[in-house]
$ cat entry-v6.txt   # compact mmCIF, C-alpha atoms
# COMPACT_ATOMS: atom_id res chain seq x y z
CA MET A 1 -12.50 -17.57 85.67
CA LYS A 2 -14.00 -19.29 82.64
CA THR A 3 -12.95 -16.45 80.29
CA GLU A 4 -9.40 -16.59 81.62
CA LYS A 5 -9.25 -20.33 80.88
CA ILE A 6 -10.40 -19.82 77.29
CA LEU A 7 -7.94 -16.97 76.77
CA LEU A 8 -5.09 -18.97 78.22
CA SER A 9 -5.86 -22.00 76.04
CA PHE A 10 -5.99 -19.78 72.95
CA VAL A 11 -2.62 -18.20 73.82
CA ALA A 12 -1.17 -21.68 74.43
CA VAL A 13 -2.36 -22.90 71.01
CA VAL A 14 -0.86 -19.85 69.27
CA VAL A 15 2.47 -20.22 71.08
CA GLY A 16 2.47 -23.94 70.26
CA LEU A 17 1.90 -23.24 66.55
CA ILE A 18 4.70 -20.65 66.45
CA VAL A 19 7.16 -23.02 68.16
CA ALA A 20 6.19 -25.87 65.80
CA GLY A 21 6.60 -23.60 62.76
CA VAL A 22 10.05 -22.38 63.84
CA GLY A 23 11.12 -25.94 64.58
CA PHE A 24 9.95 -27.17 61.13
CA TYR A 25 11.78 -24.28 59.44
CA PHE A 26 15.05 -25.12 61.16
CA TYR A 27 14.61 -28.82 60.36
CA GLN A 28 14.07 -28.08 56.66
CA SER A 29 16.97 -25.59 56.39
CA THR A 30 19.48 -27.93 57.97
CA LYS A 31 18.32 -31.06 56.12
CA VAL A 32 21.00 -32.59 53.83
CA LEU A 33 19.93 -34.98 51.08
CA PRO A 34 22.37 -37.60 49.75
CA PRO A 35 23.34 -36.98 46.11
CA GLY A 36 21.56 -40.16 44.97
CA LYS A 37 18.23 -38.86 46.16
CA LEU A 38 18.54 -35.59 44.28
CA ALA A 39 16.55 -35.54 41.06
CA SER A 40 18.51 -34.30 38.07
CA VAL A 41 16.66 -32.12 35.61
CA LYS A 42 18.12 -32.15 32.12
CA VAL A 43 17.35 -29.02 30.13
CA ASN A 44 17.71 -29.51 26.41
CA PRO A 45 19.09 -26.43 24.69
CA PRO A 46 16.48 -24.96 22.35
CA THR A 47 17.10 -25.71 18.67
CA PRO A 48 17.93 -22.48 16.88
CA THR A 49 15.10 -21.46 14.57
CA LEU A 50 15.65 -19.00 11.78
CA PRO A 51 13.40 -15.94 11.85
CA PRO A 52 10.53 -16.24 9.34
CA VAL A 53 10.26 -13.85 6.45
CA TYR A 54 7.63 -11.22 7.18
CA LEU A 55 5.45 -10.21 4.24
CA SER A 56 2.39 -7.98 4.28
CA ILE A 57 0.53 -6.64 1.26
CA ASP A 58 -0.98 -3.15 1.46
CA SER A 59 -2.38 -3.03 -2.04
CA PRO A 60 -4.20 -4.32 -3.95
CA GLN A 61 -6.80 -5.60 -1.56
CA ASP A 62 -7.47 -9.30 -1.90
CA GLU A 63 -10.63 -10.10 -3.92
CA SER A 64 -10.93 -6.48 -5.07
CA VAL A 65 -12.54 -5.53 -8.39
CA THR A 66 -10.99 -2.77 -10.48
CA SER A 67 -11.61 -1.05 -13.79
CA ASN A 68 -7.87 -0.38 -14.32
CA LYS A 69 -5.61 -2.88 -16.02
CA THR A 70 -2.58 -1.42 -14.24
CA VAL A 71 -2.42 -2.37 -10.58
CA THR A 72 0.06 -1.18 -7.97
CA VAL A 73 1.41 -3.93 -5.76
CA SER A 74 2.87 -2.59 -2.53
CA GLY A 75 3.67 -3.93 0.87
CA LYS A 76 6.35 -4.56 3.44
CA THR A 77 8.87 -7.32 4.03
CA VAL A 78 12.34 -7.79 5.50
CA PRO A 79 14.85 -5.27 4.09
CA ASP A 80 17.30 -7.90 2.80
CA ALA A 81 14.64 -9.84 0.87
CA THR A 82 14.33 -10.47 -2.84
CA ILE A 83 10.73 -10.19 -4.01
CA VAL A 84 9.14 -11.92 -6.98
CA VAL A 85 5.83 -10.47 -8.19
CA SER A 86 4.23 -12.79 -10.68
CA THR A 87 1.07 -12.46 -12.75
CA ASP A 88 -0.36 -14.73 -15.43
CA THR A 89 1.73 -13.04 -18.10
CA ALA A 90 4.89 -11.63 -16.49
CA ASP A 91 7.30 -11.79 -13.56
CA GLN A 92 9.13 -8.99 -11.80
CA VAL A 93 12.05 -9.31 -9.41
CA ILE A 94 12.45 -6.35 -7.07
CA THR A 95 14.24 -5.50 -3.84
CA PRO A 96 12.67 -3.57 -0.97
CA SER A 97 13.88 -0.31 0.52
CA THR A 98 16.01 -0.18 3.66
CA THR A 99 12.82 -0.09 5.70
CA GLY A 100 11.42 -3.12 3.87
CA THR A 101 8.72 -1.34 1.88
CA PHE A 102 8.26 -2.17 -1.78
CA SER A 103 6.02 -1.06 -4.62
CA THR A 104 5.68 -1.99 -8.27
CA THR A 105 3.02 -1.94 -10.98
CA VAL A 106 1.72 -4.96 -12.84
CA THR A 107 -0.69 -5.39 -15.72
CA ILE A 108 -3.61 -7.70 -15.22
CA GLY A 109 -5.89 -9.39 -17.73
CA SER A 110 -9.67 -9.36 -18.05
CA GLY A 111 -11.67 -11.20 -15.44
CA GLU A 112 -10.13 -12.78 -12.37
CA ASN A 113 -6.35 -12.63 -11.91
CA GLU A 114 -3.98 -14.15 -9.40
CA ILE A 115 -0.97 -12.10 -8.32
CA HIS A 116 1.71 -14.17 -6.57
CA ILE A 117 4.10 -12.30 -4.28
CA LEU A 118 7.09 -14.27 -3.04
CA SER A 119 9.58 -12.82 -0.58
CA ILE A 120 12.90 -14.66 -0.20
CA GLY A 121 15.01 -13.67 2.79
CA ALA A 122 18.80 -13.66 2.89
CA ASN A 123 18.64 -16.68 5.22
CA GLY A 124 16.90 -18.70 2.48
CA LEU A 125 13.49 -18.70 4.14
CA GLU A 126 10.54 -17.51 2.11
CA THR A 127 6.91 -16.42 2.38
CA GLN A 128 4.42 -16.47 -0.47
CA LYS A 129 1.07 -14.70 -0.73
CA THR A 130 -1.51 -14.83 -3.49
CA ILE A 131 -3.91 -11.97 -4.13
CA THR A 132 -6.98 -12.18 -6.36
CA VAL A 133 -7.71 -9.04 -8.37
CA SER A 134 -10.49 -8.88 -10.91
CA TYR A 135 -10.80 -6.55 -13.86
CA THR A 136 -14.16 -5.53 -15.25
CA THR A 137 -15.70 -2.36 -16.64
CA ASP A 138 -19.26 -3.66 -16.33
CA ASN A 139 -21.58 -1.97 -13.90
CA PHE A 140 -23.58 -4.31 -11.73
CA MET B 141 -66.88 19.12 54.27
CA LYS B 142 -69.08 16.65 52.34
CA LYS B 143 -70.20 19.49 50.11
CA LEU B 144 -66.64 20.46 49.40
CA LEU B 145 -65.71 16.86 48.47
CA PHE B 146 -68.72 16.50 46.21
CA LEU B 147 -67.87 19.78 44.49
CA PHE B 148 -64.32 18.68 43.90
CA ALA B 149 -65.36 15.27 42.50
CA PHE B 150 -67.95 16.83 40.25
CA SER B 151 -65.55 19.37 38.77
CA PHE B 152 -62.93 16.62 38.21
CA ILE B 153 -65.36 14.32 36.34
CA THR B 154 -66.65 17.26 34.28
CA ALA B 155 -63.15 18.28 33.29
CA LEU B 156 -62.33 14.70 32.18
CA THR B 157 -65.48 14.35 30.06
CA VAL B 158 -64.96 17.69 28.32
CA GLY B 159 -61.32 16.84 27.59
CA GLN B 160 -62.23 13.46 26.02
CA THR B 161 -64.99 14.98 23.89
CA TYR B 162 -62.59 17.63 22.61
CA ALA B 163 -60.03 14.98 21.76
CA VAL B 164 -62.58 12.93 19.77
CA VAL B 165 -63.73 16.00 17.87
CA LYS B 166 -60.14 16.93 17.15
CA SER B 167 -59.26 13.46 15.83
CA THR B 168 -62.24 13.33 13.45
CA ASP B 169 -61.14 16.50 11.67
CA THR B 170 -60.52 15.99 7.89
CA PRO B 171 -56.76 15.67 7.14
CA THR B 172 -55.38 18.70 5.39
CA PRO B 173 -51.76 19.21 4.28
CA THR B 174 -50.10 20.79 7.25
CA PRO B 175 -46.45 21.40 8.08
CA ASN B 176 -46.59 18.27 10.30
CA ASN B 177 -47.64 16.10 7.36
CA LEU B 178 -44.78 17.44 5.25
CA GLU B 179 -42.33 16.63 8.00
CA GLN B 180 -43.69 13.10 8.04
CA GLN B 181 -43.10 12.76 4.31
CA VAL B 182 -39.54 14.09 4.63
CA SER B 183 -38.95 11.66 7.48
CA ASN B 184 -40.19 8.74 5.38
CA LEU B 185 -37.92 9.77 2.52
CA LYS B 186 -34.98 10.02 4.90
CA ASP B 187 -35.71 6.50 6.15
CA LYS B 188 -35.83 5.17 2.59
CA ILE B 189 -32.49 6.82 1.71
CA ALA B 190 -30.89 5.52 4.91
CA SER B 191 -32.18 2.04 4.13
CA ARG B 192 -30.74 2.19 0.61
CA VAL B 193 -27.37 3.47 1.88
CA ALA B 194 -27.27 0.66 4.43
CA GLN B 195 -28.07 -1.81 1.66
CA LEU B 196 -25.26 -0.41 -0.49
CA ASN B 197 -22.82 -0.57 2.42
CA LEU B 198 -23.82 -4.15 3.06
CA VAL B 199 -22.68 -5.32 -0.38
CA ASP B 200 -19.51 -4.70 -2.31
CA LYS B 201 -18.04 -5.95 -5.59
CA ARG B 202 -15.67 -8.85 -5.18
CA GLY B 203 -13.85 -11.36 -7.31
CA ILE B 204 -12.74 -14.76 -6.07
CA ILE B 205 -11.05 -17.82 -7.52
CA GLY B 206 -11.65 -21.29 -6.23
CA THR B 207 -12.20 -24.95 -6.90
CA VAL B 208 -15.78 -26.17 -7.22
CA THR B 209 -16.71 -28.55 -4.41
CA ASP B 210 -20.45 -28.66 -5.08
CA VAL B 211 -22.85 -27.27 -7.64
CA THR B 212 -26.65 -27.02 -7.83
CA GLN B 213 -28.96 -25.10 -10.16
CA THR B 214 -28.83 -21.97 -7.97
CA GLN B 215 -25.61 -22.26 -6.00
CA ILE B 216 -21.92 -23.04 -6.46
CA THR B 217 -19.79 -24.01 -3.47
CA LEU B 218 -16.12 -23.18 -3.81
CA SER B 219 -12.95 -23.81 -1.87
CA ASP B 220 -11.02 -20.56 -2.34
CA LEU B 221 -7.25 -20.05 -2.57
CA ASN B 222 -6.99 -19.95 1.23
CA GLY B 223 -9.00 -23.15 1.58
CA ASN B 224 -12.14 -21.38 2.86
CA ILE B 225 -15.57 -22.57 1.76
CA ARG B 226 -17.43 -19.88 -0.22
CA PHE B 227 -21.05 -19.89 -1.30
CA VAL B 228 -21.93 -18.36 -4.66
CA ASP B 229 -25.53 -17.72 -5.66
CA VAL B 230 -26.45 -17.55 -9.32
CA ASP B 231 -29.53 -16.01 -10.89
CA GLU B 232 -30.85 -15.19 -14.36
CA LEU B 233 -28.40 -12.26 -14.68
CA THR B 234 -25.30 -14.40 -14.08
CA LYS B 235 -23.13 -14.85 -17.17
CA PHE B 236 -21.04 -18.01 -17.60
CA SER B 237 -17.98 -18.50 -19.74
CA SER B 238 -15.26 -21.03 -20.38
CA PRO B 239 -12.18 -20.96 -22.66
CA THR B 240 -13.37 -24.19 -24.28
CA ALA B 241 -17.03 -23.19 -24.11
CA LYS B 242 -19.90 -23.87 -26.36
CA SER B 243 -22.11 -20.87 -27.06
CA ASN B 244 -24.71 -21.85 -24.48
CA PHE B 245 -22.40 -22.55 -21.57
CA GLY B 246 -24.26 -22.54 -18.24
CA ILE B 247 -24.22 -23.69 -14.66
CA SER B 248 -25.05 -27.26 -15.70
CA ASP B 249 -21.70 -27.39 -17.54
CA ILE B 250 -19.74 -26.59 -14.38
CA THR B 251 -18.38 -29.71 -12.76
CA LYS B 252 -16.89 -30.52 -9.37
CA GLY B 253 -13.14 -30.06 -9.21
CA SER B 254 -12.98 -27.40 -11.91
CA GLN B 255 -11.39 -24.05 -11.13
CA VAL B 256 -13.64 -21.03 -11.54
CA GLY B 257 -13.38 -17.31 -11.08
CA VAL B 258 -16.42 -15.41 -9.82
CA ILE B 259 -17.12 -11.69 -9.95
CA GLY B 260 -20.22 -10.51 -8.13
CA LEU B 261 -21.84 -8.76 -5.21
CA TYR B 262 -20.62 -9.90 -1.84
CA ASN B 263 -23.08 -9.57 1.03
CA LYS B 264 -21.14 -8.82 4.21
CA GLU B 265 -23.96 -10.07 6.41
CA SER B 266 -24.74 -13.39 4.73
CA ARG B 267 -21.15 -13.75 3.41
CA ARG B 268 -22.49 -15.00 0.09
CA ILE B 269 -21.65 -13.76 -3.39
CA LEU B 270 -24.37 -13.10 -5.91
CA ALA B 271 -22.47 -13.95 -9.07
CA ARG B 272 -22.58 -11.72 -12.10
CA PHE B 273 -19.75 -13.49 -13.97
CA VAL B 274 -18.60 -17.07 -13.56
CA ASP B 275 -15.55 -18.03 -15.63
CA VAL B 276 -14.08 -21.50 -15.80
CA GLN B 277 -10.32 -21.05 -15.92
CA VAL B 278 -7.00 -22.78 -15.55
CA ASN B 279 -4.60 -20.69 -13.50
CA PRO B 280 -0.84 -21.17 -13.44
CA VAL B 281 0.92 -22.22 -10.24
CA LEU B 282 4.05 -20.70 -8.73
CA ILE B 283 6.58 -23.10 -7.30
CA SER B 284 9.59 -21.99 -5.32
CA GLY B 285 12.31 -24.42 -4.37
CA ALA B 286 15.67 -25.80 -5.39
CA ILE B 287 16.78 -27.99 -8.31
CA SER B 288 17.45 -31.48 -7.02
CA ASP B 289 18.03 -33.24 -10.35
CA ILE B 290 18.49 -32.41 -14.03
CA ASP B 291 17.36 -34.79 -16.76
CA LYS B 292 19.25 -33.53 -19.78
CA THR B 293 17.80 -36.22 -22.03
CA ASN B 294 14.15 -35.38 -21.52
CA TYR B 295 14.65 -31.70 -20.66
CA ASN B 296 13.17 -32.10 -17.22
CA LEU B 297 14.13 -30.62 -13.90
CA THR B 298 13.29 -32.04 -10.51
CA VAL B 299 12.48 -29.33 -8.02
CA MET B 300 12.14 -29.83 -4.29
CA THR B 301 10.06 -27.36 -2.28
CA PRO B 302 10.42 -26.42 1.41
CA ASP B 303 7.41 -28.61 2.27
CA LYS B 304 9.43 -31.62 0.96
CA LYS B 305 7.32 -32.00 -2.17
CA THR B 306 9.05 -32.94 -5.39
CA TYR B 307 7.89 -31.71 -8.78
CA THR B 308 9.02 -32.63 -12.26
CA ILE B 309 9.38 -29.47 -14.30
CA SER B 310 8.93 -30.06 -17.97
CA ILE B 311 10.89 -27.57 -20.07
CA GLU B 312 9.08 -26.76 -23.30
CA ASN B 313 9.94 -24.66 -26.33
CA ILE B 314 7.74 -21.90 -24.92
CA THR B 315 9.52 -21.90 -21.55
CA LYS B 316 11.33 -18.65 -20.88
CA THR B 317 14.28 -18.95 -18.51
CA VAL B 318 15.96 -15.97 -16.85
CA SER B 319 18.55 -15.63 -14.14
CA TYR B 320 18.58 -12.96 -11.46
CA THR B 321 21.51 -11.61 -9.49
CA LYS B 322 21.53 -8.47 -7.35
CA ASP B 323 24.40 -7.00 -9.34
CA GLY B 324 23.41 -8.03 -12.83
CA GLY B 325 19.62 -7.94 -12.52
CA VAL B 326 17.56 -10.18 -14.79
CA VAL B 327 19.43 -11.80 -17.68
CA LYS B 328 18.33 -14.39 -20.19
CA SER B 329 19.34 -17.92 -19.31
CA GLY B 330 18.74 -21.43 -20.60
CA PHE B 331 18.39 -25.08 -19.68
CA SER B 332 22.16 -25.71 -19.89
CA LYS B 333 22.76 -23.08 -17.20
CA ASN B 334 20.69 -24.94 -14.60
CA GLN B 335 22.60 -26.37 -11.67
CA VAL B 336 21.67 -28.77 -8.92
CA ALA B 337 21.02 -27.10 -5.52
CA GLU B 338 20.25 -23.79 -7.21
CA ARG B 339 17.26 -21.76 -6.07
CA ILE B 340 14.51 -21.69 -8.68
CA VAL B 341 11.05 -20.17 -9.10
CA VAL B 342 8.82 -21.82 -11.69
CA GLU B 343 5.55 -20.63 -13.06
CA GLY B 344 3.59 -23.11 -15.09
CA PHE B 345 0.54 -25.28 -15.47
CA VAL B 346 -0.13 -28.56 -13.74
CA ASP B 347 -0.08 -31.48 -16.18
CA ILE B 348 -3.56 -33.01 -16.41
CA LYS B 349 -2.07 -36.52 -16.56
CA ASN B 350 0.27 -36.08 -13.60
CA ALA B 351 -0.32 -33.58 -10.78
CA ASN B 352 3.38 -33.64 -9.87
CA THR B 353 4.46 -32.50 -13.30
CA ILE B 354 4.50 -28.80 -14.10
CA ILE B 355 4.66 -27.59 -17.67
CA ALA B 356 6.86 -24.56 -17.21
CA SER B 357 5.97 -21.23 -18.76
CA ARG B 358 8.59 -19.13 -17.01
CA ILE B 359 11.61 -19.96 -14.87
CA ILE B 360 13.69 -17.62 -12.73
CA LEU B 361 17.04 -18.88 -11.41
CA PHE B 362 18.65 -17.27 -8.37
CA PRO B 363 22.30 -18.36 -8.30
CA ASP B 364 23.11 -15.80 -5.58
CA LEU B 365 20.39 -16.71 -3.13
CA THR B 366 20.63 -19.33 -0.44
CA ILE B 367 18.27 -22.26 -0.81
CA ASN B 368 15.68 -22.83 1.88
CA PRO B 369 17.25 -24.62 4.91
CA ALA B 370 14.34 -27.07 4.85
CA ILE B 371 15.51 -28.36 1.46
CA LEU B 372 18.34 -30.82 1.95
CA ILE B 373 20.22 -31.00 -1.33
CA THR B 374 23.99 -31.31 -1.59
CA LYS B 375 25.76 -29.44 -4.32
CA PRO B 376 27.72 -31.70 -6.73
CA ALA B 377 30.89 -29.72 -5.96
CA ASP B 378 30.52 -30.61 -2.28
CA LEU B 379 30.03 -34.27 -3.16
CA GLN B 380 33.26 -34.28 -5.20
CA LEU B 381 35.05 -32.69 -2.27
CA GLN B 382 33.76 -35.39 0.05
CA GLY B 383 35.03 -38.08 -2.36
CA THR B 384 38.64 -36.88 -2.19
CA ILE B 385 38.84 -37.09 1.61
CA VAL B 386 40.65 -40.26 2.67
CA PRO B 387 39.01 -41.68 5.79
CA SER B 388 41.25 -42.30 8.78
CA THR B 389 41.09 -45.42 10.92
CA GLY B 390 42.31 -43.53 13.94
CA SER B 391 45.29 -45.89 14.35
CA GLY B 392 47.50 -43.99 12.02
CA ARG B 393 46.85 -46.24 9.00
CA LYS B 394 45.07 -44.50 6.18
CA LEU B 395 42.38 -46.32 4.26
CA THR B 396 42.37 -45.81 0.53
CA PRO B 397 39.29 -46.35 -1.60
CA LEU B 398 39.25 -49.52 -3.70
CA VAL B 399 39.94 -48.89 -7.34
CA LYS B 400 38.70 -51.48 -9.79

$ encode --input "entry-v6.txt" --output "structure tokens"
Amino acid sequence: MKTEKILLSFVAVVVGLIVAGVGFYFYQSTKVLPPGKLASVKVNPPTPTLPPVYLSIDSPQDESVTSNKTVTVSGKTVPDATIVVSTDTADQVITPSTTGTFSTTVTIGSGENEIHILSIGANGLETQKTITVSYTTDNF
Amino acid sequence: MKKLLFLFAFSFITALTVGQTYAVVKSTDTPTPTPNNLEQQVSNLKDKIASRVAQLNLVDKRGIIGTVTDVTQTQITLSDLNGNIRFVDVDELTKFSSPTAKSNFGISDITKGSQVGVIGLYNKESRRILARFVDVQVNPVLISGAISDIDKTNYNLTVMTPDKKTYTISIENITKTVSYTKDGGVVKSGFSKNQVAERIVVEGFVDIKNANTIIASRIILFPDLTINPAILITKPADLQLQGTIVPSTGSGRKLTPLVK
């Protein structure tokens, strides 16, 4: 008798919950809000940003030390770029291949040298990288 | 049963004692060169070689350029081209030089704020460089931007860069100016060919008296290339075009500019 009472009360609670849930669902789905109470969300259109100019240098390695005065500068950038490779003594203007790869040779001086590589995209944006290459024939 | 246990214990103790005595006798033998000893020597040599190889792999030759932020008798602290702090150790083998140097130029002559180049051994673990050469130097700067003004009287150009900085470019007799187009390549140019809102790349040295003035060594003009969108300069031709447009009042009457 006692078990039956507990079972019945449990079933009653479950049925009550189901009925309440269905009722709440119907109430929510048929609810109509006046236009004044609706919040308006204004989405600002994103400002168009131009793609940056990609530039990576494969060689020479930054801070490298070499015993050759002729150094190959190679890397990759956007295919439509114009590249300026500048050392202490000379500048070179080159264009990359259709895949964006480029390579040129520059002459460096004794000691520490800065090589500036500037890539200018067709959209006017630019990226500049500076590599330090040192020349010495001394063994240490 | 007791007898059996006693016998077992006795033989066990005897065996242990004999074993220990043999071991002591064996260990007090005079050392003679055996194959085992040779192997030990080879092993030691291998360890020494491995240690040396590891030491060599730990260091490599490097050259850096930076601005001195601090200097002591044994160490120079630099801010490198990327703005990173680098520690340079100097010892009795380090050689110092400067373009304006006296014969006995040394670490005590290096001052804060000066630009130096260092070649030495970089330790990958401690990230310090043991300098072998320290050279005080003045390196040129590369400025890319667009011409915003031309001073034909003083032979100066004003160049604006994408980061909104403005530099005065001083054109000297030594300044070499070229122009680059995709079709024509690099051709010689001059000051008179410069135009406002034209893309320009300048290489030169910062004026000691004024950090915003660059004494130009080389100039490349790019008449074909678009200027950086971040640089807001109007071409003179566009300004003239704007001046000819007669503003409308919207009521049909046209306003005409006042002419004095």

$ interface_residues --input "entry-v6.txt" --of "chain A" --to "chain B" --cutoff "8 Å" --atoms "all atoms listed in the file" --output "ChimeraX atom specification"
/A:63-65,88,93,111-112,114,116,122-126,130,132-134,140

$ atom_distance --input "entry-v6.txt" --atom1 "atom CA of Glu338 of chain B" --atom2 "atom CA of Leu361 of chain B"
7.2 Å

$ residues_around --input "entry-v6.txt" --residues "Arg226 of chain B" --least-positions-apart "4" --cutoff "10 Å" --atoms "only C-alpha atoms" --output "list in words"
Ile204, Ile205, Gly206, Thr207, Val208, Thr209, Ile216, Thr217, Leu218, Ser219, Asp220, Arg267, Arg268 and Ile269 of chain B

$ residues_around --input "entry-v6.txt" --residues "Thr107 of chain A" --least-positions-apart "4" --cutoff "12 Å" --atoms "only C-alpha atoms" --output "list in words"
Thr66, Ser67, Asn68, Lys69, Thr70, Val71, Thr72, Val73, Val85, Ser86, Thr87, Asp88, Thr89, Ala90, Asp91, Gln92, Asn113, Glu114, Ile115, Val133, Ser134 and Tyr135 of chain A

$ atom_distance --input "entry-v6.txt" --atom1 "atom CA of Thr306 of chain B" --atom2 "atom CA of Thr251 of chain B"
28.6 Å
